[in-house]
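Trainee: Data file query_7.json (JSON, C-alpha atoms) is appended below.
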[["chain", "number", "residue", "atom", "x", "y", "z"],
["A", 1, "MET", "CA", -19.56, -13.96, -7.96],
["A", 2, "ALA", "CA", -19.08, -17.63, -7.10],
["A", 3, "LEU", "CA", -15.93, -18.94, -5.46],
["A", 4, "PHE", "CA", -13.28, -19.23, -8.17],
["A", 5, "ASP", "CA", -9.86, -19.52, -6.53],
["A", 6, "LEU", "CA", -8.26, -22.27, -4.44],
["A", 7, "PRO", "CA", -10.25, -23.80, -1.55],
["A", 8, "LEU", "CA", -9.74, -22.04, 1.77],
["A", 9, "GLU", "CA", -7.71, -24.94, 3.18],
["A", 10, "ALA", "CA", -5.32, -24.71, 0.24],
["A", 11, "LEU", "CA", -5.18, -20.91, 0.45],
["A", 12, "ARG", "CA", -4.01, -21.10, 4.06],
["A", 13, "GLU", "CA", -1.05, -23.21, 2.93],
["A", 14, "TYR", "CA", -0.35, -21.46, -0.37],
["A", 15, "ARG", "CA", 3.30, -20.42, -0.68],
["A", 16, "PRO", "CA", 4.25, -19.89, -4.31],
["A", 17, "VAL", "CA", 7.72, -20.22, -5.75],
["A", 18, "LEU", "CA", 9.22, -16.73, -5.66],
["A", 19, "ASP", "CA", 10.64, -14.87, -8.65],
["A", 20, "GLU", "CA", 12.56, -12.24, -6.68],
["A", 21, "PRO", "CA", 15.42, -10.65, -8.62],
["A", 22, "ASP", "CA", 18.86, -11.16, -7.11],
["A", 23, "ASP", "CA", 19.47, -7.42, -6.79],
["A", 24, "LEU", "CA", 16.06, -6.55, -5.31],
["A", 25, "GLU", "CA", 17.47, -5.21, -2.04],
["A", 26, "ASP", "CA", 20.29, -3.30, -3.76],
["A", 27, "PHE", "CA", 17.81, -1.71, -6.16],
["A", 28, "TRP", "CA", 15.58, -0.47, -3.37],
["A", 29, "ALA", "CA", 18.47, 0.61, -1.15],
["A", 30, "GLY", "CA", 19.73, 2.83, -3.96],
["A", 31, "THR", "CA", 16.27, 4.16, -4.78],
["A", 32, "LEU", "CA", 15.55, 5.11, -1.16],
["A", 33, "SER", "CA", 19.04, 6.52, -0.65],
["A", 34, "ARG", "CA", 18.48, 8.97, -3.50],
["A", 35, "ALA", "CA", 15.05, 9.91, -2.18],
["A", 36, "ARG", "CA", 16.44, 10.49, 1.31],
["A", 37, "THR", "CA", 18.89, 13.12, 0.14],
["A", 38, "HIS", "CA", 15.85, 15.41, 0.52],
["A", 39, "ASP", "CA", 14.48, 16.38, 3.94],
["A", 40, "PRO", "CA", 11.12, 14.60, 4.35],
["A", 41, "LEU", "CA", 8.88, 17.52, 5.30],
["A", 42, "LEU", "CA", 8.57, 20.36, 2.81],
["A", 43, "GLU", "CA", 5.60, 22.23, 4.27],
["A", 44, "VAL", "CA", 3.05, 21.83, 7.08],
["A", 45, "THR", "CA", 0.20, 24.36, 7.13],
["A", 46, "ALA", "CA", -2.77, 24.48, 9.50],
["A", 47, "GLU", "CA", -6.07, 23.98, 7.65],
["A", 48, "SER", "CA", -9.44, 25.19, 8.93],
["A", 49, "ASN", "CA", -11.85, 22.26, 9.11],
["A", 50, "GLY", "CA", -14.83, 23.53, 11.13],
["A", 51, "LEU", "CA", -14.25, 20.91, 13.85],
["A", 52, "SER", "CA", -13.52, 21.48, 17.53],
["A", 53, "LEU", "CA", -12.11, 18.03, 18.41],
["A", 54, "ILE", "CA", -9.79, 17.36, 15.44],
["A", 55, "GLU", "CA", -7.22, 19.67, 13.88],
["A", 56, "THR", "CA", -6.04, 19.39, 10.28],
["A", 57, "PHE", "CA", -2.76, 20.23, 8.57],
["A", 58, "ASP", "CA", -2.04, 20.36, 4.85],
["A", 59, "VAL", "CA", 1.27, 18.52, 4.47],
["A", 60, "THR", "CA", 3.72, 18.39, 1.58],
["A", 61, "PHE", "CA", 6.59, 15.91, 1.82],
["A", 62, "ALA", "CA", 9.42, 14.84, -0.48],
["A", 63, "GLY", "CA", 8.70, 11.60, -2.31],
["A", 64, "HIS", "CA", 10.54, 9.78, -5.08],
["A", 65, "ASP", "CA", 13.49, 11.92, -6.24],
["A", 66, "GLY", "CA", 12.24, 14.71, -3.96],
["A", 67, "ALA", "CA", 8.98, 15.30, -5.86],
["A", 68, "PRO", "CA", 6.35, 17.10, -3.73],
["A", 69, "ILE", "CA", 3.63, 14.77, -2.44],
["A", 70, "HIS", "CA", 0.55, 16.12, -0.68],
["A", 71, "ALA", "CA", -1.15, 14.63, 2.37],
["A", 72, "TRP", "CA", -3.72, 15.49, 5.04],
["A", 73, "TYR", "CA", -2.66, 15.25, 8.67],
["A", 74, "ASN", "CA", -5.47, 15.01, 11.20],
["A", 75, "ARG", "CA", -4.91, 14.70, 14.94],
["A", 76, "PRO", "CA", -6.85, 15.27, 18.18],
["A", 77, "ALA", "CA", -7.05, 18.98, 18.95],
["A", 78, "ASP", "CA", -6.48, 18.68, 22.69],
["A", 79, "ALA", "CA", -2.79, 19.65, 22.46],
["A", 80, "GLY", "CA", -2.03, 16.66, 24.67],
["A", 81, "PRO", "CA", 1.00, 14.36, 24.54],
["A", 82, "ASP", "CA", 2.67, 13.31, 21.31],
["A", 83, "ARG", "CA", 0.93, 10.37, 19.65],
["A", 84, "PRO", "CA", 1.62, 7.53, 17.22],
["A", 85, "VAL", "CA", 0.70, 8.23, 13.60],
["A", 86, "VAL", "CA", -1.27, 6.01, 11.25],
["A", 87, "VAL", "CA", -0.04, 6.52, 7.68],
["A", 88, "GLU", "CA", -2.87, 5.59, 5.33],
["A", 89, "TYR", "CA", -2.59, 4.88, 1.60],
["A", 90, "ILE", "CA", -5.47, 5.17, -0.86],
["A", 91, "GLY", "CA", -7.13, 2.70, -3.22],
["A", 92, "TYR", "CA", -6.44, 2.71, -6.95],
["A", 93, "GLY", "CA", -7.65, 5.78, -8.82],
["A", 94, "GLY", "CA", -8.42, 7.81, -5.70],
["A", 95, "GLY", "CA", -6.78, 10.86, -4.18],
["A", 96, "ARG", "CA", -6.69, 12.33, -0.70],
["A", 97, "GLY", "CA", -10.06, 14.06, -1.21],
["A", 98, "GLU", "CA", -11.11, 16.44, 1.55],
["A", 99, "PRO", "CA", -9.81, 16.33, 5.14],
["A", 100, "LEU", "CA", -13.24, 15.61, 6.65],
["A", 101, "GLU", "CA", -13.74, 12.38, 4.70],
["A", 102, "ARG", "CA", -11.62, 10.11, 6.93],
["A", 103, "LEU", "CA", -11.78, 10.94, 10.63],
["A", 104, "SER", "CA", -11.78, 7.54, 12.35],
["A", 105, "TRP", "CA", -8.08, 7.30, 13.16],
["A", 106, "ALA", "CA", -7.87, 10.82, 14.58],
["A", 107, "ALA", "CA", -11.13, 10.30, 16.48],
["A", 108, "ALA", "CA", -9.57, 7.17, 18.00],
["A", 109, "GLY", "CA", -6.69, 9.27, 19.32],
["A", 110, "TYR", "CA", -4.00, 8.78, 16.69],
["A", 111, "GLY", "CA", -2.33, 11.18, 14.36],
["A", 112, "HIS", "CA", -3.44, 10.29, 10.82],
["A", 113, "LEU", "CA", -1.42, 11.08, 7.70],
["A", 114, "LEU", "CA", -3.38, 10.36, 4.51],
["A", 115, "MET", "CA", -1.00, 10.24, 1.53],
["A", 116, "ASP", "CA", -2.20, 11.55, -1.81],
["A", 117, "THR", "CA", -1.45, 9.27, -4.77],
["A", 118, "ARG", "CA", 0.68, 10.86, -7.44],
["A", 119, "GLY", "CA", -0.98, 11.12, -10.84],
["A", 120, "GLN", "CA", -4.25, 9.48, -9.73],
["A", 121, "GLY", "CA", -7.12, 11.12, -7.88],
["A", 122, "SER", "CA", -9.67, 11.27, -10.67],
["A", 123, "SER", "CA", -11.78, 8.27, -9.72],
["A", 124, "ALA", "CA", -13.29, 7.68, -6.28],
["A", 125, "SER", "CA", -11.91, 10.89, -4.79],
["A", 126, "PRO", "CA", -9.95, 13.90, -6.10],
["A", 127, "GLY", "CA", -6.19, 14.14, -5.77],
["A", 128, "HIS", "CA", -3.82, 17.08, -5.65],
["A", 129, "THR", "CA", -0.44, 15.55, -6.56],
["A", 130, "ALA", "CA", 1.02, 15.40, -10.05],
["A", 131, "ASP", "CA", 3.37, 12.71, -11.30],
["A", 132, "PRO", "CA", 6.14, 14.83, -12.83],
["A", 133, "ALA", "CA", 7.96, 11.86, -14.38],
["A", 134, "GLY", "CA", 7.28, 11.01, -17.98],
["A", 135, "SER", "CA", 7.02, 7.56, -19.51],
["A", 136, "GLY", "CA", 6.99, 5.81, -22.82],
["A", 137, "PRO", "CA", 3.92, 4.18, -24.34],
["A", 138, "ALA", "CA", 1.45, 2.94, -21.72],
["A", 139, "ALA", "CA", -2.03, 1.50, -21.51],
["A", 140, "PRO", "CA", -4.73, 3.78, -20.04],
["A", 141, "GLY", "CA", -4.36, 3.84, -16.28],
["A", 142, "SER", "CA", -1.24, 4.00, -14.10],
["A", 143, "LEU", "CA", 0.24, 0.50, -13.89],
["A", 144, "THR", "CA", 2.06, 0.37, -17.22],
["A", 145, "ARG", "CA", 3.65, 3.81, -17.09],
["A", 146, "GLY", "CA", 7.37, 3.24, -17.48],
["A", 147, "ILE", "CA", 6.88, -0.50, -17.07],
["A", 148, "ASP", "CA", 9.79, -1.45, -19.32],
["A", 149, "SER", "CA", 12.20, -0.92, -16.40],
["A", 150, "PRO", "CA", 12.04, -0.90, -12.58],
["A", 151, "GLU", "CA", 13.99, 2.36, -12.65],
["A", 152, "THR", "CA", 11.26, 4.09, -14.66],
["A", 153, "SER", "CA", 8.19, 2.24, -13.36],
["A", 154, "TYR", "CA", 5.34, 4.31, -11.95],
["A", 155, "ILE", "CA", 4.95, 1.73, -9.20],
["A", 156, "THR", "CA", 8.55, 2.32, -8.11],
["A", 157, "ARG", "CA", 7.78, 6.01, -7.69],
["A", 158, "LEU", "CA", 4.57, 5.27, -5.81],
["A", 159, "MET", "CA", 6.19, 2.80, -3.41],
["A", 160, "THR", "CA", 9.03, 5.22, -2.76],
["A", 161, "ASP", "CA", 6.45, 7.88, -1.90],
["A", 162, "ALA", "CA", 4.87, 5.38, 0.53],
["A", 163, "ALA", "CA", 8.19, 4.79, 2.29],
["A", 164, "ARG", "CA", 8.91, 8.50, 2.46],
["A", 165, "ALA", "CA", 5.47, 9.10, 3.99],
["A", 166, "VAL", "CA", 6.72, 7.08, 6.98],
["A", 167, "ASP", "CA", 9.79, 9.32, 7.21],
["A", 168, "ALA", "CA", 7.53, 12.38, 7.05],
["A", 169, "ALA", "CA", 5.15, 10.99, 9.69],
["A", 170, "ARG", "CA", 7.99, 10.71, 12.19],
["A", 171, "ALA", "CA", 8.88, 14.37, 11.67],
["A", 172, "LEU", "CA", 5.34, 15.75, 12.07],
["A", 173, "PRO", "CA", 4.39, 18.02, 14.95],
["A", 174, "GLY", "CA", 2.76, 16.03, 17.74],
["A", 175, "ALA", "CA", 4.18, 12.70, 16.53],
["A", 176, "ASP", "CA", 5.95, 10.40, 18.99],
["A", 177, "GLY", "CA", 7.90, 8.42, 16.37],
["A", 178, "ARG", "CA", 5.70, 5.32, 16.33],
["A", 179, "VAL", "CA", 4.09, 4.65, 12.94],
["A", 180, "ALA", "CA", 1.49, 2.19, 11.70],
["A", 181, "VAL", "CA", 0.91, 1.84, 7.95],
["A", 182, "ALA", "CA", -2.56, 1.01, 6.66],
["A", 183, "GLY", "CA", -4.68, 0.83, 3.54],
["A", 184, "ALA", "CA", -7.08, -1.18, 1.41],
["A", 185, "SER", "CA", -6.59, -2.51, -2.12],
["A", 186, "GLN", "CA", -3.79, -0.39, -3.64],
["A", 187, "GLY", "CA", -3.41, 1.13, -0.19],
["A", 188, "GLY", "CA", -3.03, -2.33, 1.33],
["A", 189, "GLY", "CA", -0.28, -3.19, -1.13],
["A", 190, "LEU", "CA", 1.49, 0.10, -0.42],
["A", 191, "ALA", "CA", 1.29, -0.60, 3.32],
["A", 192, "LEU", "CA", 3.06, -3.94, 2.77],
["A", 193, "ALA", "CA", 5.66, -2.30, 0.53],
["A", 194, "ALA", "CA", 6.31, 0.49, 3.02],
["A", 195, "ALA", "CA", 6.68, -2.02, 5.86],
["A", 196, "GLY", "CA", 9.32, -3.89, 3.86],
["A", 197, "LEU", "CA", 11.15, -0.75, 2.78],
["A", 198, "VAL", "CA", 11.04, 0.81, 6.26],
["A", 199, "PRO", "CA", 11.07, -2.35, 8.38],
["A", 200, "ASP", "CA", 11.04, -0.57, 11.75],
["A", 201, "VAL", "CA", 7.41, 0.54, 11.44],
["A", 202, "ASP", "CA", 5.33, -0.57, 14.40],
["A", 203, "ALA", "CA", 2.26, -2.17, 12.80],
["A", 204, "VAL", "CA", 0.76, -2.98, 9.40],
["A", 205, "ILE", "CA", -2.90, -3.11, 8.36],
["A", 206, "SER", "CA", -3.46, -4.45, 4.85],
["A", 207, "ASN", "CA", -7.01, -4.97, 3.62],
["A", 208, "VAL", "CA", -7.66, -6.92, 0.38],
["A", 209, "PRO", "CA", -4.22, -5.82, -0.89],
["A", 210, "PHE", "CA", -3.49, -5.03, -4.53],
["A", 211, "LEU", "CA", 0.03, -5.21, -6.05],
["A", 212, "THR", "CA", 0.77, -8.62, -4.48],
["A", 213, "HIS", "CA", 1.76, -11.82, -6.33],
["A", 214, "MET", "CA", 1.05, -9.89, -9.52],
["A", 215, "ARG", "CA", 2.17, -12.59, -11.93],
["A", 216, "ARG", "CA", -0.61, -14.90, -10.71],
["A", 217, "ALA", "CA", -3.20, -12.15, -10.47],
["A", 218, "VAL", "CA", -2.61, -11.10, -14.09],
["A", 219, "ASP", "CA", -3.28, -14.69, -15.19],
["A", 220, "LEU", "CA", -6.23, -15.33, -12.89],
["A", 221, "VAL", "CA", -8.59, -12.34, -13.16],
["A", 222, "ASP", "CA", -9.95, -10.42, -16.12],
["A", 223, "THR", "CA", -10.76, -7.21, -14.22],
["A", 224, "ASP", "CA", -9.02, -3.87, -13.94],
["A", 225, "PRO", "CA", -6.52, -2.77, -12.79],
["A", 226, "TYR", "CA", -4.59, -5.97, -13.59],
["A", 227, "GLN", "CA", -6.12, -6.01, -17.07],
["A", 228, "GLU", "CA", -4.13, -2.85, -17.83],
["A", 229, "ILE", "CA", -1.06, -5.08, -17.93],
["A", 230, "VAL", "CA", -2.82, -7.64, -20.13],
["A", 231, "ARG", "CA", -3.96, -4.96, -22.59],
["A", 232, "TYR", "CA", -0.45, -3.52, -22.73],
["A", 233, "LEU", "CA", 1.11, -6.90, -23.47],
["A", 234, "ALA", "CA", -1.56, -7.71, -26.04],
["A", 235, "ILE", "CA", -0.16, -4.81, -28.08],
["A", 236, "HIS", "CA", 3.49, -4.93, -27.00],
["A", 237, "ARG", "CA", 3.77, -8.63, -27.73],
["A", 238, "ASP", "CA", 7.54, -8.87, -27.36],
["A", 239, "ALA", "CA", 7.69, -7.05, -24.02],
["A", 240, "ALA", "CA", 6.39, -9.77, -21.68],
["A", 241, "GLU", "CA", 9.77, -10.84, -20.29],
["A", 242, "GLN", "CA", 10.82, -7.29, -19.49],
["A", 243, "VAL", "CA", 7.44, -6.33, -18.02],
["A", 244, "LEU", "CA", 7.40, -9.36, -15.72],
["A", 245, "ARG", "CA", 10.95, -8.53, -14.66],
["A", 246, "THR", "CA", 9.86, -5.01, -13.71],
["A", 247, "LEU", "CA", 6.89, -6.34, -11.75],
["A", 248, "SER", "CA", 9.19, -8.61, -9.75],
["A", 249, "TYR", "CA", 10.91, -5.51, -8.30],
["A", 250, "VAL", "CA", 7.66, -3.82, -7.26],
["A", 251, "ASP", "CA", 5.63, -6.78, -6.05],
["A", 252, "ALA", "CA", 4.44, -6.09, -2.51],
["A", 253, "LEU", "CA", 4.69, -9.83, -1.85],
["A", 254, "HIS", "CA", 8.47, -9.60, -2.22],
["A", 255, "LEU", "CA", 8.80, -6.39, -0.22],
["A", 256, "GLY", "CA", 6.44, -7.58, 2.51],
["A", 257, "ARG", "CA", 8.72, -10.57, 3.09],
["A", 258, "ARG", "CA", 11.23, -8.07, 4.50],
["A", 259, "ALA", "CA", 8.82, -6.54, 7.03],
["A", 260, "THR", "CA", 9.19, -7.14, 10.76],
["A", 261, "ALA", "CA", 6.09, -5.47, 12.27],
["A", 262, "PRO", "CA", 2.92, -7.29, 13.36],
["A", 263, "ALA", "CA", 0.37, -7.31, 10.55],
["A", 264, "LEU", "CA", -3.39, -7.63, 10.15],
["A", 265, "PHE", "CA", -4.69, -8.71, 6.73],
["A", 266, "SER", "CA", -8.17, -9.20, 5.32],
["A", 267, "VAL", "CA", -9.42, -11.04, 2.25],
["A", 268, "GLY", "CA", -12.71, -11.57, 0.41],
["A", 269, "LEU", "CA", -12.94, -15.07, -1.04],
["A", 270, "ARG", "CA", -15.08, -13.83, -3.96],
["A", 271, "ASP", "CA", -12.76, -10.92, -4.79],
["A", 272, "MET", "CA", -12.25, -10.80, -8.56],
["A", 273, "ILE", "CA", -10.05, -7.68, -8.37],
["A", 274, "CYS", "CA", -7.42, -8.87, -5.89],
["A", 275, "PRO", "CA", -7.77, -12.66, -5.99],
["A", 276, "PRO", "CA", -7.62, -14.57, -2.69],
["A", 277, "SER", "CA", -4.52, -16.59, -3.60],
["A", 278, "ALA", "CA", -2.57, -13.37, -4.24],
["A", 279, "VAL", "CA", -3.64, -12.02, -0.84],
["A", 280, "PHE", "CA", -2.91, -15.27, 0.99],
["A", 281, "ALA", "CA", 0.51, -15.50, -0.67],
["A", 282, "ALA", "CA", 1.36, -12.07, 0.76],
["A", 283, "HIS", "CA", 0.06, -13.09, 4.19],
["A", 284, "ASN", "CA", 1.63, -16.54, 4.28],
["A", 285, "LEU", "CA", 5.06, -15.26, 3.25],
["A", 286, "TYR", "CA", 4.91, -11.98, 5.19],
["A", 287, "GLY", "CA", 8.17, -11.40, 7.07],
["A", 288, "SER", "CA", 9.63, -14.69, 5.84],
["A", 289, "ALA", "CA", 12.90, -13.13, 4.65],
["A", 290, "GLY", "CA", 13.93, -12.46, 8.24],
["A", 291, "PRO", "CA", 15.21, -14.85, 10.89],
["A", 292, "THR", "CA", 11.91, -14.83, 12.79],
["A", 293, "ALA", "CA", 8.48, -14.42, 11.22],
["A", 294, "PRO", "CA", 6.54, -11.56, 12.84],
["A", 295, "GLU", "CA", 3.02, -11.86, 14.20],
["A", 296, "ARG", "CA", 0.45, -11.90, 11.41],
["A", 297, "GLU", "CA", -3.30, -12.53, 11.18],
["A", 298, "ILE", "CA", -5.77, -12.67, 8.31],
["A", 299, "ILE", "CA", -9.53, -12.10, 8.60],
["A", 300, "VAL", "CA", -11.47, -14.06, 5.98],
["A", 301, "TYR", "CA", -14.78, -12.86, 4.54],
["A", 302, "PRO", "CA", -16.12, -15.90, 2.62],
["A", 303, "PHE", "CA", -19.08, -14.17, 0.99],
["A", 304, "ASN", "CA", -17.51, -10.83, 0.12],
["A", 305, "HIS", "CA", -15.94, -9.35, -2.98],
["A", 306, "HIS", "CA", -13.37, -6.53, -3.00],
["A", 307, "GLU", "CA", -15.26, -4.56, -0.35],
["A", 308, "GLY", "CA", -13.98, -7.10, 2.18],
["A", 309, "GLY", "CA", -15.15, -6.55, 5.72],
["A", 310, "GLY", "CA", -16.25, -2.92, 5.42],
["A", 311, "SER", "CA", -17.06, -1.21, 8.70],
["A", 312, "LEU", "CA", -16.78, -4.48, 10.63],
["A", 313, "GLN", "CA", -13.16, -4.78, 9.54],
["A", 314, "GLN", "CA", -12.59, -1.13, 10.47],
["A", 315, "ARG", "CA", -13.70, -1.84, 14.03],
["A", 316, "ARG", "CA", -11.45, -4.89, 14.14],
["A", 317, "GLN", "CA", -8.56, -2.71, 13.00],
["A", 318, "LEU", "CA", -9.17, -0.19, 15.78],
["A", 319, "ASP", "CA", -9.19, -2.92, 18.43],
["A", 320, "TRP", "CA", -6.15, -4.68, 16.95],
["A", 321, "LEU", "CA", -4.07, -1.51, 16.72],
["A", 322, "HIS", "CA", -5.07, -0.35, 20.21],
["A", 323, "GLU", "CA", -3.57, -3.55, 21.62],
["A", 324, "ARG", "CA", -0.27, -2.89, 19.84],
["A", 325, "LEU", "CA", 0.13, 0.88, 20.18]]
Could you write out this file's structure as structure tokens?

Mentor:
Amino acid sequence: MALFDLPLEALREYRPVLDEPDDLEDFWAGTLSRARTHDPLLEVTAESNGLSLIETFDVTFAGHDGAPIHAWYNRPADAGPDRPVVVEYIGYGGGRGEPLERLSWAAAGYGHLLMDTRGQGSSASPGHTADPAGSGPAAPGSLTRGIDSPETSYITRLMTDAARAVDAARALPGADGRVAVAGASQGGGLALAAAGLVPDVDAVISNVPFLTHMRRAVDLVDTDPYQEIVRYLAIHRDAAEQVLRTLSYVDALHLGRRATAPALFSVGLRDMICPPSAVFAAHNLYGSAGPTAPEREIIVYPFNHHEGGGSLQQRRQLDWLHERL
């Protein structure tokens, strides 16, 4: 794929006009308040993994409206001091898979809570969490479920789960209360959302994030998942205003503006799934709703698509987080 978005010099300065709803903070305060009437941890069960250096727990925590959300919790098995926890969110379509699939964070000495994604988990990796909420008509996929209202939107439920995963991480055995949120693609967008909804997290790692500056992304790329929204509106021709209103409540660009933790981003300049201008908008405006913008950095991969920096970026993440935790 050739370069298709703004030139890099323009991307570094790109700060779009925002379409935040006036009641954005009130909406999310009410949503999280209802979710937090439930204790975060529902069940933590030791899981045999065949390893001698890492121990695994099968975790269930209370997500949106108290719905049970599954997660894997890996940590070093040395029974040493309590440790910070990296909460990781998964890319679109994937689930938490098996506990041996992602060992880097625990091997680096952190606790690692990998959140399952409600109602997904039938694409790159299997999931174990249902989405018990119903919805009206929707396009195939997850994005347009309940999209006629922020109260019913699937993305609202998913972002609430992401925030509650932070609450759960702080209550885990062997956790010292410090939490970093991390993910790529959908996971990167959820990390930004969680950091805005729980602004006292300690660090944010967001690789090629999805769910940011969605209005532009829908217009700019013709790839899934954003094309789910296009296909929905091609049939529901009179719903555009309401759909765009819903997206304004669940745009990780808007929520990330309320974050206060240091953040590391990455972007691929040839990414036709999460276009560079949508990623740079999230980076450039990150933390801008507060009195002082937090530390932020973006690693640019000029010749890469949605895979971004791959294992090179993973090593950069380990070094970056080690300096901060």

Trainee: Using atom CA of A:Val44 and atom CA of A:Gly63 as the two end points, give the distance in Å to one decimal.

Mentor: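 Calculated distance between atom CA of A:Val44 and atom CA of A:Gly63 is 15.0 Å.
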
Trainee: Record the distance separating atom CA of A:Glu323 and atom CA of A:Val208, expressed in Å with one decimal.

Mentor: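 We find that atom CA of A:Glu323 and atom CA of A:Val208 lie 21.9 Å from each other.
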
Trainee: Which residues of stretch 4-119 of chain A come within 8 Å of stretch 159-162 of chain A, and for each one, what is the closest pair of atoms and their distance in Å to one decimal, counting only C-alpha atoms, sorted by chain and residue number, as a Markdown table?

Mentor:
| residue | atom | partner | partner_atom | distance |
| --- | --- | --- | --- | --- |
| A:Thr31 | CA | A:Thr160 | CA | 7.6 |
| A:Leu32 | CA | A:Thr160 | CA | 6.7 |
| A:Ala35 | CA | A:Thr160 | CA | 7.7 |
| A:Ala62 | CA | A:Asp161 | CA | 7.7 |
| A:Gly63 | CA | A:Asp161 | CA | 4.4 |
| A:His64 | CA | A:Thr160 | CA | 5.3 |
| A:Ile69 | CA | A:Asp161 | CA | 7.5 |
| A:Tyr89 | CA | A:Ala162 | CA | 7.6 |
| A:Met115 | CA | A:Ala162 | CA | 7.7 |

Trainee: So that I have them on file, write out the residues from the current selection with C-alpha atoms, as an mmCIF file, in the frame of the given file.

Mentor:
data_model
loop_
_atom_site.group_PDB
_atom_site.id
_atom_site.type_symbol
_atom_site.label_atom_id
_atom_site.label_comp_id
_atom_site.auth_asym_id
_atom_site.auth_seq_id
_atom_site.Cartn_x
_atom_site.Cartn_y
_atom_site.Cartn_z
ATOM 1 C CA THR A 31 16.270 4.160 -4.780
ATOM 2 C CA LEU A 32 15.550 5.110 -1.160
ATOM 3 C CA ALA A 35 15.050 9.910 -2.180
ATOM 4 C CA ALA A 62 9.420 14.840 -0.480
ATOM 5 C CA GLY A 63 8.700 11.600 -2.310
ATOM 6 C CA HIS A 64 10.540 9.780 -5.080
ATOM 7 C CA ILE A 69 3.630 14.770 -2.440
ATOM 8 C CA TYR A 89 -2.590 4.880 1.600
ATOM 9 C CA MET A 115 -1.000 10.240 1.530
#

Trainee: Which of these residues is nearest to A:Leu325, using only C-alpha atoms: A:Pro76, A:Gly94, A:Gly188, A:Pro262?

Mentor: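 Using only C-alpha atoms, the shortest distance to A:Leu325 belongs to A:Pro262.
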
Trainee: Identify which of the residues A:Phe210, A:Trp28, A:Trp72, A:Phe4 lies closest to A:Arg258, counting all atoms listed in the file when measuring atom-to-atom distances.

Mentor: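 Among A:Phe210, A:Trp28, A:Trp72, A:Phe4, it is A:Trp28 that comes nearest to A:Arg258.
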
Trainee: Go through A:Pro150, A:Gly310, A:Gly183, A:Gly268 and flag the residue nearest A:Ala2, using only C-alpha atoms for the distances.

Mentor: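 Closest to A:Ala2 of all the choices is A:Gly268.
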
Trainee: Could you tell me how far atom CA of A:Leu158 sits from atom CA of A:Gly121, in Å to one decimal place?

Mentor: 13.2 Å
